[in-house]
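Next up, model-v8.cif (mmCIF, C-alpha atoms):
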```
data_coords
loop_
_atom_site.label_atom_id
_atom_site.label_comp_id
_atom_site.auth_asym_id
_atom_site.auth_seq_id
_atom_site.Cartn_x
_atom_site.Cartn_y
_atom_site.Cartn_z
CA MET A 1 -11.21 -10.27 15.23
CA ASN A 2 -9.11 -12.67 13.16
CA PRO A 3 -5.44 -12.90 14.06
CA ASP A 4 -3.50 -10.21 12.24
CA PRO A 5 -1.23 -11.92 9.70
CA ASP A 6 1.16 -8.95 9.80
CA HIS A 7 1.83 -9.01 13.54
CA ARG A 8 4.75 -11.43 13.39
CA LEU A 9 6.37 -9.42 10.62
CA LEU A 10 6.03 -6.21 12.65
CA VAL A 11 7.71 -7.83 15.64
CA GLU A 12 10.67 -8.74 13.44
CA VAL A 13 10.75 -5.27 11.89
CA ALA A 14 10.92 -3.75 15.37
CA ARG A 15 13.90 -6.01 16.11
CA GLY A 16 15.72 -4.62 13.10
CA ASN A 17 15.31 -7.73 10.98
CA LYS A 18 16.11 -6.42 7.51
CA ILE A 19 14.61 -9.42 5.77
CA ALA A 20 11.34 -8.71 7.55
CA VAL A 21 11.57 -5.07 6.49
CA ARG A 22 11.93 -6.05 2.85
CA ARG A 23 9.12 -8.57 3.07
CA LEU A 24 6.81 -6.00 4.62
CA LEU A 25 7.69 -3.48 1.94
CA ALA A 26 7.25 -6.02 -0.84
CA ALA A 27 3.81 -6.89 0.48
CA LYS A 28 2.49 -3.40 1.25
CA LEU A 29 4.43 -0.78 -0.69
CA PRO A 30 2.89 -1.31 -4.15
CA ARG A 31 -0.63 -0.89 -2.79
CA ILE A 32 0.27 2.23 -0.82
CA VAL A 33 1.94 3.79 -3.86
CA ALA A 34 -1.06 2.89 -6.03
CA LEU A 35 -3.46 4.37 -3.47
CA ALA A 36 -1.53 7.62 -3.22
CA SER A 37 -1.00 7.86 -6.96
CA ARG A 38 -4.70 7.57 -7.66
CA LEU A 39 -5.71 9.98 -4.90
CA LEU A 40 -3.11 12.61 -5.74
CA GLY A 41 -2.86 12.09 -9.49
CA GLY A 42 0.94 11.90 -9.46
CA ALA A 43 3.68 9.32 -9.08
CA VAL A 44 6.27 11.61 -7.45
CA GLU A 45 3.96 12.64 -4.64
CA ALA A 46 2.88 9.02 -4.27
CA ASP A 47 6.48 8.01 -3.55
CA ASP A 48 6.70 10.77 -0.92
CA ILE A 49 3.50 9.55 0.72
CA ALA A 50 4.81 5.98 0.72
CA GLN A 51 8.03 7.06 2.44
CA GLU A 52 6.17 9.06 5.05
CA THR A 53 3.76 6.21 5.64
CA PHE A 54 6.53 3.73 6.31
CA MET A 55 8.37 6.17 8.58
CA ARG A 56 5.28 5.90 10.75
CA VAL A 57 5.32 2.12 10.43
CA TRP A 58 8.89 2.04 11.78
CA GLN A 59 7.80 4.22 14.70
CA ILE A 60 4.72 2.14 15.55
CA ALA A 61 6.28 -1.30 15.06
CA PRO A 62 7.77 -1.60 18.57
CA ARG A 63 4.45 -0.54 20.12
CA TRP A 64 2.05 -2.40 17.83
CA GLN A 65 -0.52 -4.31 19.83
CA PRO A 66 -2.45 -7.01 17.99
CA GLY A 67 -6.17 -7.19 18.54
CA LYS A 68 -6.91 -3.48 18.61
CA ALA A 69 -7.00 -3.06 14.84
CA GLN A 70 -5.80 -4.83 11.75
CA PHE A 71 -2.45 -3.51 10.59
CA ASP A 72 -3.70 -3.10 7.01
CA THR A 73 -6.57 -0.88 8.15
CA TRP A 74 -4.17 1.26 10.18
CA LEU A 75 -1.73 1.43 7.25
CA TYR A 76 -4.36 2.59 4.77
CA THR A 77 -5.70 5.12 7.27
CA VAL A 78 -2.23 6.62 7.70
CA ALA A 79 -1.67 6.80 3.95
CA LEU A 80 -5.12 8.28 3.35
CA ASN A 81 -4.63 10.97 6.00
CA LEU A 82 -1.23 11.87 4.53
CA CYS A 83 -2.88 12.19 1.11
CA ARG A 84 -5.62 14.38 2.57
CA ASP A 85 -3.00 16.62 4.18
CA ARG A 86 -1.17 16.89 0.88
CA LEU A 87 -4.38 17.79 -0.96
CA ARG A 88 -5.28 20.41 1.65
CA ARG A 89 -1.83 22.01 1.25
CA ARG A 90 -2.21 21.82 -2.50
CA ASN A 91 -5.61 23.51 -2.39
CA ARG A 92 -4.27 26.31 -0.17
CA LEU A 93 -1.37 26.90 -2.53
CA ASP A 94 -3.57 26.31 -5.59
CA VAL A 95 -0.90 24.16 -7.21
CA GLY A 96 -0.65 20.46 -7.84
CA ASP A 97 -0.76 17.65 -10.30
CA VAL A 98 -4.45 17.93 -11.11
CA PRO A 99 -4.64 18.27 -14.89
CA ASP A 100 -5.49 21.80 -15.94
CA GLN A 101 -7.68 20.58 -18.72
CA ALA A 102 -8.66 17.05 -17.86
CA ASP A 103 -10.23 15.40 -20.82
CA PRO A 104 -11.78 12.29 -19.47
CA SER A 105 -13.90 11.63 -22.54
CA ILE A 106 -12.95 8.58 -24.50
CA PRO A 107 -13.05 8.72 -28.31
CA VAL A 108 -15.72 6.58 -29.89
CA ASP A 109 -13.11 5.23 -32.28
CA GLU A 110 -13.41 1.48 -32.07
CA LYS A 111 -9.64 1.12 -31.94
CA ILE A 112 -9.35 2.40 -28.43
CA ASP A 113 -5.80 3.13 -27.38
CA VAL A 114 -5.28 1.47 -24.00
CA GLU A 115 -2.94 4.21 -22.85
CA ARG A 116 -5.40 6.93 -23.74
CA THR A 117 -8.15 5.03 -21.93
CA ALA A 118 -5.99 4.69 -18.86
CA LYS A 119 -5.20 8.40 -18.93
CA ALA A 120 -8.87 9.22 -19.43
CA VAL A 121 -9.75 7.18 -16.35
CA ALA A 122 -6.94 8.80 -14.36
CA ASP A 123 -8.18 12.24 -15.36
CA ALA A 124 -11.78 11.31 -14.57
CA LEU A 125 -10.74 10.19 -11.07
CA GLN A 126 -9.15 13.59 -10.51
CA CYS A 127 -12.40 15.26 -11.57
CA LEU A 128 -14.28 13.56 -8.75
CA PRO A 129 -14.84 15.30 -5.44
CA GLU A 130 -12.16 14.18 -3.02
CA ARG A 131 -14.36 11.95 -0.86
CA GLN A 132 -15.91 10.18 -3.84
CA ARG A 133 -12.45 9.56 -5.25
CA GLU A 134 -11.30 8.13 -1.91
CA ALA A 135 -14.28 5.78 -1.81
CA ILE A 136 -13.74 4.56 -5.37
CA VAL A 137 -9.99 4.07 -4.89
CA LEU A 138 -10.32 2.22 -1.59
CA GLN A 139 -13.23 0.00 -2.56
CA TYR A 140 -12.62 -0.64 -6.25
CA TYR A 141 -8.86 -0.40 -6.69
CA GLN A 142 -7.62 -1.43 -3.26
CA ASP A 143 -10.24 -4.19 -3.00
CA LEU A 144 -11.20 -3.29 0.53
CA SER A 145 -14.54 -4.54 1.77
CA ASN A 146 -17.21 -1.93 2.39
CA ILE A 147 -16.63 -2.23 6.14
CA GLU A 148 -12.84 -1.83 5.78
CA ALA A 149 -13.15 1.11 3.38
CA ALA A 150 -15.68 2.85 5.64
CA GLU A 151 -13.40 2.36 8.63
CA VAL A 152 -10.38 3.78 6.80
CA MET A 153 -12.40 6.80 5.69
CA GLY A 154 -13.98 7.25 9.11
CA VAL A 155 -17.55 7.08 7.79
CA SER A 156 -20.49 4.71 8.08
CA VAL A 157 -21.06 2.01 5.49
CA GLU A 158 -24.19 3.87 4.38
CA ALA A 159 -22.17 7.03 3.81
CA LEU A 160 -19.55 5.03 1.91
CA GLU A 161 -22.22 3.52 -0.34
CA SER A 162 -23.60 6.97 -1.09
CA LEU A 163 -20.11 8.19 -2.05
CA LEU A 164 -19.50 5.12 -4.22
CA ALA A 165 -22.81 5.39 -6.04
CA ARG A 166 -22.33 9.09 -6.75
CA GLY A 167 -18.72 8.55 -7.75
CA ARG A 168 -19.58 5.76 -10.16
CA ARG A 169 -22.42 7.82 -11.63
CA ARG A 170 -20.06 10.73 -12.24
CA LEU A 171 -17.40 8.47 -13.75
CA ARG A 172 -19.99 6.99 -16.08
CA GLU A 173 -20.98 10.48 -17.19
CA LEU A 174 -17.36 11.44 -17.80
CA LEU A 175 -16.12 8.26 -19.43
CA ILE A 176 -19.09 6.83 -21.27
CA GLU A 177 -21.96 9.24 -21.67
CA HIS A 178 -19.94 12.31 -22.70
CA ARG A 179 -17.81 10.80 -25.41
CA SER A 180 -16.31 13.23 -27.82
CA MET B 28 -26.31 -13.78 5.79
CA THR B 29 -29.29 -12.07 4.11
CA SER B 30 -31.55 -14.65 2.46
CA THR B 31 -33.37 -12.28 0.12
CA ILE B 32 -33.04 -8.70 -0.99
CA SER B 33 -35.46 -6.40 -2.74
CA PRO B 34 -35.00 -5.48 -6.42
CA GLU B 35 -34.33 -1.92 -5.29
CA ARG B 36 -31.52 -3.08 -3.02
CA PHE B 37 -30.07 -5.20 -5.84
CA HIS B 38 -30.04 -2.16 -8.12
CA GLN B 39 -28.40 -0.17 -5.35
CA ILE B 40 -25.71 -2.83 -4.85
CA VAL B 41 -24.83 -2.91 -8.54
CA ALA B 42 -24.87 0.90 -8.81
CA THR B 43 -22.63 1.13 -5.74
CA TYR B 44 -20.21 -1.74 -6.07
CA GLY B 45 -20.30 -2.62 -9.75
CA ALA B 46 -20.99 -5.85 -11.60
CA SER B 47 -18.46 -8.11 -9.91
CA PRO B 48 -20.04 -10.20 -7.14
CA SER B 49 -16.70 -10.37 -5.34
CA ARG B 50 -17.14 -6.69 -4.51
CA TRP B 51 -20.71 -6.97 -3.28
CA PRO B 52 -21.28 -6.86 0.50
CA GLU B 53 -20.61 -10.34 1.80
CA PRO B 54 -23.83 -10.74 3.85
CA GLU B 55 -25.96 -9.93 0.79
CA ARG B 56 -23.85 -11.57 -1.89
CA HIS B 57 -25.72 -14.85 -2.08
CA ALA B 58 -29.11 -13.19 -2.37
CA ALA B 59 -27.75 -10.73 -4.93
CA LEU B 60 -26.30 -13.57 -7.01
CA GLU B 61 -29.71 -15.16 -7.22
CA MET B 62 -31.21 -11.91 -8.48
CA ALA B 63 -28.31 -11.46 -10.90
CA SER B 64 -29.29 -14.60 -12.75
CA SER B 65 -32.63 -13.06 -13.69
CA PRO B 66 -32.88 -11.86 -17.35
CA GLU B 67 -34.39 -8.53 -16.31
CA HIS B 68 -31.17 -7.56 -14.55
CA GLN B 69 -28.72 -8.36 -17.35
CA ALA B 70 -28.79 -4.90 -18.90
CA LEU B 71 -28.06 -3.31 -15.52
CA LEU B 72 -25.16 -5.69 -14.93
CA ALA B 73 -23.77 -5.14 -18.43
CA ALA B 74 -23.76 -1.36 -17.95
CA ALA B 75 -21.98 -1.70 -14.61
CA ALA B 76 -19.48 -4.13 -16.12
CA GLN B 77 -18.72 -1.62 -18.89
CA LEU B 78 -17.66 0.95 -16.29
CA ASP B 79 -15.74 -1.69 -14.30
CA ASP B 80 -13.77 -2.64 -17.41
CA LEU B 81 -12.87 0.99 -18.08
CA LEU B 82 -11.76 1.55 -14.50
CA ALA B 83 -9.60 -1.56 -14.71
CA GLU B 84 -7.63 -0.01 -17.59
CA HIS B 85 -6.06 2.43 -15.13
CA GLN B 86 -3.01 0.61 -13.80
CA VAL B 87 -0.41 2.32 -11.65
CA GLN B 88 3.19 1.50 -12.55
CA ILE B 89 5.28 0.98 -9.46
CA GLU B 90 8.90 2.08 -9.77
CA GLY B 91 9.79 -0.68 -7.37
CA ALA B 92 13.28 -1.72 -6.43
CA SER B 93 14.95 1.63 -5.81
CA LEU B 94 11.98 2.94 -3.82
CA ILE B 95 12.05 -0.20 -1.67
CA HIS B 96 15.78 0.28 -1.06
CA ARG B 97 15.32 3.95 -0.16
CA ILE B 98 12.53 3.22 2.30
CA ALA B 99 14.21 0.12 3.72
CA ALA B 100 17.25 2.24 4.53
CA THR B 101 15.11 4.26 6.95
CA ALA B 102 13.93 1.20 8.87
CA PRO B 103 15.09 0.64 12.46
CA THR B 104 18.32 -1.26 12.82
CA GLY B 105 17.46 -2.99 16.09
CA ILE B 106 20.52 -3.84 18.20
CA PRO B 107 23.14 -1.18 17.57
CA TRP B 108 26.37 -2.43 16.12
CA ARG B 109 29.11 -2.59 18.76
CA ARG B 110 32.11 -0.50 18.15
CA TRP B 111 35.37 -2.24 17.81
CA SER B 112 36.89 0.63 19.70
CA GLU B 113 35.04 -0.50 22.81
CA TRP B 114 36.92 -3.76 22.70
CA TRP B 115 40.37 -2.98 21.38
CA LEU B 116 42.95 -0.31 21.74
CA PRO B 117 43.09 1.62 18.56
CA GLY B 118 45.96 1.03 16.16
CA THR B 119 47.30 -1.96 18.02
CA ALA B 120 48.55 -5.06 16.27
CA ILE B 121 48.22 -8.12 18.38
CA VAL B 122 50.25 -11.18 17.95
CA GLY B 123 48.80 -14.28 19.45
CA THR B 124 50.47 -17.55 20.12
CA ALA B 125 48.72 -20.88 20.18
CA LEU B 126 50.24 -23.76 22.11
CA ALA B 127 49.56 -27.39 21.34
CA GLY B 128 50.56 -30.11 23.79
CA MET B 129 51.35 -33.69 22.96
CA ALA B 130 51.76 -36.86 25.10
CA ALA B 131 55.53 -37.33 24.81
CA GLY B 132 57.33 -34.14 25.19
CA VAL B 133 55.94 -30.77 24.50
CA LEU B 134 55.81 -29.46 21.08
CA LEU B 135 55.18 -25.84 20.89
CA LEU B 136 53.67 -24.64 17.76
CA PRO B 137 53.77 -20.96 17.92
CA ILE B 138 51.16 -19.52 15.66
CA ALA B 139 51.25 -15.84 15.13
CA VAL B 140 47.95 -14.19 14.42
CA GLU B 141 47.96 -10.58 13.62
CA VAL B 142 44.79 -8.64 13.95
CA VAL B 143 44.69 -5.12 12.68
CA VAL B 144 42.26 -3.17 14.75
CA ALA B 145 40.01 -0.63 13.23
CA PRO B 146 40.64 2.93 14.22
CA ARG B 147 38.44 4.35 16.93
CA GLY B 148 34.96 5.34 15.75
CA ALA B 149 34.60 2.82 12.97
CA ASP B 150 31.59 0.57 13.09
CA TYR B 151 31.87 -3.01 12.02
CA PRO B 152 28.93 -5.33 12.07
CA LEU B 153 29.18 -8.33 14.32
CA VAL B 154 27.08 -10.34 11.93
CA SER B 155 27.79 -10.31 8.24
CA GLY B 156 25.57 -11.48 5.41
CA PHE B 157 22.49 -10.12 7.13
CA TRP B 158 21.44 -8.13 4.14
CA ASP B 159 21.15 -10.39 1.14
CA GLU B 160 21.42 -8.11 -1.89
CA SER B 161 20.51 -11.00 -4.13
CA ASP B 162 17.12 -11.32 -2.48
CA VAL B 163 14.82 -10.73 -5.39
CA LEU B 164 11.43 -9.42 -4.44
#
```
Write-out of the structure in structure tokens:
Amino acid sequence: MNPDPDHRLLVEVARGNKIAVRRLLAAKLPRIVALASRLLGGAVEADDIAQETFMRVWQIAPRWQPGKAQFDTWLYTVALNLCRDRLRRRNRLDVGDVPDQADPSIPVDEKIDVERTAKAVADALQCLPERQREAIVLQYYQDLSNIEAAEVMGVSVEALESLLARGRRRLRELLIEHRS
Amino acid sequence: MTSTISPERFHQIVATYGASPSRWPEPERHAALEMASSPEHQALLAAAAQLDDLLAEHQVQIEGASLIHRIAATAPTGIPWRRWSEWWLPGTAIVGTALAGMAAGVLLLPIAVEVVVAPRGADYPLVSGFWDESDVL
């Protein structure tokens, strides 16, 4: 395994080095917020997930042992599991940020409004089954390799590929083939 | 590194990972790139690129600075700040005198230094300037 580039930063974080804390947050926070926002479909919950994720980072920093796993993989796994917990609670309570009437279709008007397109994509992501959405977000948006994404999700690469292919097929149906 | 892949596998790669070679599995990327140059695969790649472009329109706006500050405030502080009250009697003003000696005769230069001690329980950092608020991320 390649040396973990984050190990040194974690050592300093554990020592209470505030500069290291800010550097770690600057490097990782935007991606964690983006991950949670796309999985949960909401910015407010994404901020909550980010805070909870980093609370765990502060707890693990003094005990982090390089060589067992890459810190990024561990970080994404924590954030993903927190998102899954949030979605499970949301499904039990039957509330949440999932759009009631998601309209992922994109108008065929040639002058496509970028904001409407972005919203259509966001809505389409929320229409995907949870596991397909996870696969798409991790592999496409977070730029994880197939091996990294599979590890974070706790599935084989073959299973990940199946989720990706089905997710992309569904997104194509929603965004391109079913235009209003 | 896979030297060749079947057309079926190439189709599967594009359907799974999209049109951008940077997202294709690294061991198969070279072989897939060779197949991608073939005219018969251009329509497949164009269709995948169309979806990729749409997905790329979805950008998440990060609120940024205040969230970083909020989360940073929960980070461990490392060595606890020492309490002045462990070192000084509370509410005591101390006058110190410094003596300077010279070769011929003794010249005393009394210098009075008054230190106002913080009341018991107050925390004062031993090191200042640790948190640089001007640090722009």
- Given the choices A:Arg22, A:His7, A:Arg38, A:Lys28, which gets closest to Ile60 (chain A) if the distance is worked out from only C-alpha atoms?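 Looking only at the distances to Ile60 (chain A), the closest residue turns out to be A:His7.
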At most 9 Å to chain B: residues in chain A, only C-alpha atoms, as a PyMOL selection string: chain A and resi 13-19+21-23+25-26+29-30+33-35+37-38+43+47+50-51+54-55+57-59+114-115+117-122+139-141+143-147+161-169+171-172+175-176
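Between CA of Glu12 (chain A) and CA of Gln65 (chain A) there is a distance of 13.6 Å.
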Computed gap from CA of Leu72 (chain B) to CA of Glu130 (chain A) is 26.6 Å
Take CA of Arg90 (chain A) and CA of Thr77 (chain A) and report the distance between them in Å, one decimal.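 Spanning CA of Arg90 (chain A) to CA of Thr77 (chain A) is a straight-line distance of 19.7 Å.
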Could you tell me which residues the PyMOL selection byres ((chain A and resi 81) around 12) grabs in this file, written as a PDB file with C-alpha atoms, in the frame of the given file?
```pdb
ATOM      1  CA  LEU A  35      -3.460   4.370  -3.470  1.00  0.00           C
ATOM      2  CA  ALA A  36      -1.530   7.620  -3.220  1.00  0.00           C
ATOM      3  CA  LEU A  39      -5.710   9.980  -4.900  1.00  0.00           C
ATOM      4  CA  LEU A  40      -3.110  12.610  -5.740  1.00  0.00           C
ATOM      5  CA  ILE A  49       3.500   9.550   0.720  1.00  0.00           C
ATOM      6  CA  ALA A  50       4.810   5.980   0.720  1.00  0.00           C
ATOM      7  CA  GLU A  52       6.170   9.060   5.050  1.00  0.00           C
ATOM      8  CA  THR A  53       3.760   6.210   5.640  1.00  0.00           C
ATOM      9  CA  TRP A  74      -4.170   1.260  10.180  1.00  0.00           C
ATOM     10  CA  LEU A  75      -1.730   1.430   7.250  1.00  0.00           C
ATOM     11  CA  TYR A  76      -4.360   2.590   4.770  1.00  0.00           C
ATOM     12  CA  THR A  77      -5.700   5.120   7.270  1.00  0.00           C
ATOM     13  CA  VAL A  78      -2.230   6.620   7.700  1.00  0.00           C
ATOM     14  CA  ALA A  79      -1.670   6.800   3.950  1.00  0.00           C
ATOM     15  CA  LEU A  80      -5.120   8.280   3.350  1.00  0.00           C
ATOM     16  CA  LEU A  82      -1.230  11.870   4.530  1.00  0.00           C
ATOM     17  CA  CYS A  83      -2.880  12.190   1.110  1.00  0.00           C
ATOM     18  CA  ARG A  84      -5.620  14.380   2.570  1.00  0.00           C
ATOM     19  CA  ASP A  85      -3.000  16.620   4.180  1.00  0.00           C
ATOM     20  CA  ARG A  86      -1.170  16.890   0.880  1.00  0.00           C
ATOM     21  CA  LEU A  87      -4.380  17.790  -0.960  1.00  0.00           C
ATOM     22  CA  ARG A  88      -5.280  20.410   1.650  1.00  0.00           C
ATOM     23  CA  ARG A 131     -14.360  11.950  -0.860  1.00  0.00           C
ATOM     24  CA  GLU A 134     -11.300   8.130  -1.910  1.00  0.00           C
ATOM     25  CA  VAL A 152     -10.380   3.780   6.800  1.00  0.00           C
ATOM     26  CA  MET A 153     -12.400   6.800   5.690  1.00  0.00           C
ATOM     27  CA  GLY A 154     -13.980   7.250   9.110  1.00  0.00           C
TER      28      GLY A 154
END
```
